[in-house]
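Here's the structure, in structure tokens; my notes come after.
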Amino acid sequence: MPEEREGEGEGEFYGKHGEPRKYDPEFKGPTQNRGCTDIVCCILFIIAILGYIAVGILAWSQGDPRKAIYPTDSEGQFCGQVGTPLENKRLLFYFNIMKCASPMVLLEFQCPTTQMCVEKCPEKFMILTKAYTNKKDFEYYKNFCKKGVTNDMGVPEILQQRLCPAMLTPSKPFTRRCFPALGEKGGVITVGNSSTFDDGDGKIRDAKDLVDGVKNATVVIEARQVVMKIFEDYTQSWYWILLGLVIAMLTSLLFIVLLRFLAGIMVWVMIALVIIVIGYGIFHCYMEYAALKGEAGSDVTLQELGFQTDFTVYLQIRQTWLAFMIILAILEVIIILVLIFLRKRLLIAIALIKEASRAIGHVMSSLFYPLFTFLLLAMVIAYWAVTAVFLSTSNEPIYKIFNETVCDHSRKTCDPANFSTSLEKKQCPESECLFAFYGGETVYHKYLIGLQFYNVFLFFWCANFVTALGQMTLAGAFSSYYWAFVKPDDMPAFPVFSALGRSLRYHTGTLAFGSLILSIIQIIRVLLEYLDHKLKGAQNKCTKFLLCCLKCCFWCLEKFVKFLNRNAYIMVAIYGKNFCTSARDAFLLLMRNMIRVAVLDKVTDFLLFLGKLLIVGLVGVFAFFFFSGRVKAFENTAPHLHYYWVPILTVVIGSYLIAHGFFSVYAMCVDTLFLCFCEDLERNDGSAARPYYMSSTLHEILWKNAAEDPPPNSAPQQDNEDIQLKQQQAQDQDEDAA
């Protein structure tokens, strides 16, 4: 009776989670005789890539990045463009900056006044009527006039033809544009040391009237100003950033090598250092918080301060350091609590990392594979970025009619080449045809947003494909290690290259299929974020709740698909089947070993995450003290920057990506060994006829955990355990001798 019940339980267990693998004497690891999988998706991916290349060529032929770099005058010419007559005229001058106070500026992103390229901004206050009477002043004044102004022309004629501004105000260059140099005396706005000025039409105006024009023009270009400052910071500090990333790479590599030989010690050292580094961060934040006590303006809240483009302002506020301190304290408590609750499982996870270190020791080339992945991802990102820039700058210049008086044709499009003889000019004599913005109404321009969407989608697809290729390649290499009965004699000479060749030759379609599913989910998440941003001002609570639920669901779905894809690629690397079959087999195998997955896999991931956190923390702290100038030894060495957080943030993000790349090798190794171990338990029983392929160390590690969740067919294997262990001990001796 007990045997019947046991058999019934086993049948019920495998009925839910599939049948276990059967013993196959011919199976010796990754299948060599395999065919191409998911051919339809492979063809679709190739067609999509060809289309992506066509979009890039089209964008490069139509786009002009100069539109995003140089200011554009009223005739659509680029100020400061090398190789043109305006090469030395890098600054944009507004004839009447007060026209920028119009609300239309914020809609059309262009001031309704004549704009021209100049070498220098005006340095003194002048009126055309007065400057005209002095030959020297008029010669200076003509630097800010259009071509064609002569001394024989009268002031009324010059103003009627809008060849010169009615007045000049002292200005300073700001983001390559001339803005009035406004000052303040006794709380009164001044220009040229005076609170009033003559606008050239005989009217005395207050200097504060210039503020609205400057403010609106500043709103239009504020984002560009921040970007330009960040770009300048990169040009000043790129070599130091590169040095920081090299240090992060060397630190990661050193850490991985030490893990190979001192896995147990390094993991405990890593845990201790993470706690110490975060603890120091808490201490430093407290010291900064205490040092700002009593300082003028330091008690301003973040809400009162609002958004500032100069982020260093936030570091002068006590509330900023208090927030940093609380965040780090919460992180420290979470890590300590997790370590306490998982203290028993940590020993098993550390032993699993030791076994992964042995595998990496036999496949040392796997440590350098992330560099190949980085190279491919850099190419994908560069292609996407360049194509996006060219697509966004492939519009044509649009000219519109601007008029100070009432005109039926105001804001209509026009052609500057024949505007002087057009009907609009005759009906509105005072109107001008000025450059407004970049756009277009051709078929290409109508579908430009579609091409941008295609560019983003193919970016996700290609990036996920490159990541999937790395996962399948490493899985193939480590599975060849596991299924080699005598290690390393039964392994291929170049396991990584062999696995890479199999992946590209037979499974390009499978990689494309898995990455396509993930890309569709990611692009839906991007659309949901875009929709949420667009509806933020008008949405009701129901819409907000619905969007929040959708974003949460698709975030969870993305995490699940990533997990499933990762394990599916391992099965493809071993058996060479298509994506759906491999995903199903991997999912059912994991379900049959659910507790092992939850306990071992996630604890190991947590330890590897601490390793990445340690490297990022060490490099980040070093970058902070170097670029912020807090250490006297680096004061003269560190570059002078607008925002010192720019290189720090770049180094931190880059360090995390580098550390993630190296530690992903360990993570992939652990996942592959774990799946192979589960397969090994189902295929073999440890007897002389059906010996385990796992090493005695791995058997000892995972068999302890197996006692908590024994598979239905594991009970009779205990009698053969001694035979298997002896056999593996002999095998280990052969390995050590080798």
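Lettering and numbering for the structure tokens are positional, with chains as A, B, ... in the shown order, residues counted from 1 in each chain, and ligands counted from 1 in the shown order.
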Within 9 Å of A:Lys612, counting only C-alpha atoms, which residues qualify if same-chain residues fewer than 4 places away don't, as a list of chain:residue names?
-> A:Ser252, A:Leu607, A:Leu608, A:Val616, A:Gly617, A:Ser655, A:Tyr656, A:Leu657, A:Ile658, A:Ala659, A:His660, A:Phe663
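Within 7 Å of stretch 562-565 of chain A there are A:Gly514, A:Glu558, A:Lys559, A:Phe560, A:Asn567, A:Ala568, A:Tyr569, A:Ala583, A:Phe587, counting only C-alpha atoms and ignoring same-chain residues fewer than 2 positions away.
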Store the residues of this selection in a file with N, CA and C atoms, as a compact mmCIF listing (two decimals), in the first residue's frame.
# COMPACT_ATOMS: atom_id res chain seq x y z
N GLY A 514 13.01 35.20 -28.73
CA GLY A 514 12.97 35.57 -27.30
C GLY A 514 13.15 37.05 -27.08
N GLU A 558 7.66 41.81 -17.58
CA GLU A 558 9.02 41.91 -18.13
C GLU A 558 10.01 41.11 -17.30
N LYS A 559 9.91 41.21 -15.96
CA LYS A 559 10.80 40.44 -15.10
C LYS A 559 10.61 38.95 -15.30
N PHE A 560 9.36 38.50 -15.43
CA PHE A 560 9.10 37.07 -15.62
C PHE A 560 9.64 36.59 -16.96
N ASN A 567 16.47 31.04 -18.77
CA ASN A 567 16.50 29.59 -18.60
C ASN A 567 16.20 28.85 -19.90
N ALA A 568 15.38 29.47 -20.75
CA ALA A 568 15.12 28.86 -22.05
C ALA A 568 16.39 28.81 -22.89
N TYR A 569 17.19 29.86 -22.85
CA TYR A 569 18.45 29.87 -23.61
C TYR A 569 19.42 28.79 -23.11
N ALA A 583 11.58 26.80 -23.60
CA ALA A 583 10.99 27.58 -22.52
C ALA A 583 10.06 26.71 -21.67
N PHE A 587 10.76 25.80 -17.80
CA PHE A 587 9.76 26.18 -16.80
C PHE A 587 9.31 24.97 -15.98
Do you know which residues are at most 9 Å from A:Ile49 counting only C-alpha atoms, after dropping those on the same chain fewer than 4 positions away, and could you put them as a VMD selection string?
-> chain A and resid 44 to 45 53 to 54 458 462
Selection to disk with N, CA, C and O atoms, as a compact mmCIF listing (two decimals), in the first residue's frame:
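Dumped to again_30.txt:
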# COMPACT_ATOMS: atom_id res chain seq x y z
N LEU A 44 12.47 37.10 -40.29
CA LEU A 44 11.85 38.36 -39.89
C LEU A 44 12.88 39.31 -39.28
O LEU A 44 12.86 40.52 -39.56
N PHE A 45 13.79 38.79 -38.48
CA PHE A 45 14.82 39.62 -37.85
C PHE A 45 15.77 40.19 -38.89
O PHE A 45 16.14 41.37 -38.82
N ILE A 53 18.69 49.45 -41.38
CA ILE A 53 19.79 50.06 -42.14
C ILE A 53 19.25 51.08 -43.13
O ILE A 53 19.82 52.17 -43.30
N ALA A 54 18.11 50.73 -43.79
CA ALA A 54 17.50 51.66 -44.74
C ALA A 54 17.04 52.94 -44.05
O ALA A 54 17.22 54.05 -44.57
N LEU A 458 13.61 48.87 -32.79
CA LEU A 458 14.76 48.06 -33.24
C LEU A 458 15.93 48.18 -32.28
O LEU A 458 16.73 47.24 -32.14
N CYS A 462 17.52 44.82 -30.93
CA CYS A 462 18.94 44.50 -31.13
C CYS A 462 19.68 44.40 -29.80
O CYS A 462 20.53 43.51 -29.62
Could you give me, as a list in words, the residues within 9 Å of A:Leu511, counting only C-alpha atoms and dropping anything in the same chain fewer than 5 positions from it?
-> Asp38, Cys41, Cys42, Asn464, Phe465, Val466, Ala468, Leu469, Met472, Ser503, Leu504, Leu516, Tyr569 and Phe579 of chain A
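Interatomic distance, atom CA of A:Tyr289 to atom CA of A:Arg318: 5.2 Å.
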Contacts of stretch 83-91 of chain A at 9 Å or less, counting only C-alpha atoms, minus same-chain residues fewer than 4 places along, as a PyMOL selection string?
-> chain A and resi 70-71+77-79+116-121+173-178
Shell of 8 Å around A:Ala263, only C-alpha atoms, local chain residues under 4 positions omitted, as a list in words | Leu258, Leu259, Val267, Ile350, Ile353, Lys354 and Ser357 of chain A
Would you write out those residues with N, CA and C atoms, as a tab-separated table (two decimals), in the first residue's frame?
chain	number	residue	atom	x	y	z
A	258	LEU	N	40.02	36.77	-7.62
A	258	LEU	CA	40.13	36.37	-6.21
A	258	LEU	C	39.01	35.42	-5.82
A	259	LEU	N	37.81	35.62	-6.40
A	259	LEU	CA	36.72	34.69	-6.14
A	259	LEU	C	37.06	33.29	-6.61
A	267	VAL	N	33.71	36.40	-0.29
A	267	VAL	CA	32.29	36.70	-0.10
A	267	VAL	C	32.07	37.36	1.26
A	350	ILE	N	27.41	30.32	-0.82
A	350	ILE	CA	28.86	30.52	-0.95
A	350	ILE	C	29.53	29.29	-1.55
A	353	ILE	N	28.91	29.29	-5.19
A	353	ILE	CA	29.79	30.23	-5.87
A	353	ILE	C	31.19	29.64	-6.01
A	354	LYS	N	31.63	28.89	-5.01
A	354	LYS	CA	32.93	28.20	-5.11
A	354	LYS	C	32.93	27.24	-6.30
A	357	SER	N	33.18	29.08	-9.38
A	357	SER	CA	34.56	29.54	-9.58
A	357	SER	C	35.41	28.45	-10.22
Take atom CA of A:Ala359 and atom CA of A:Tyr575 and report the distance between them in Å, one decimal.
-> 20.0 Å
Taking the chain letters and numbering used in this document, name the residues of stretch 265-493 of chain A that DSSP puts in strand (DSSP E or B), as a ChimeraX atom specification.
-> /A:396-402,413,432-439
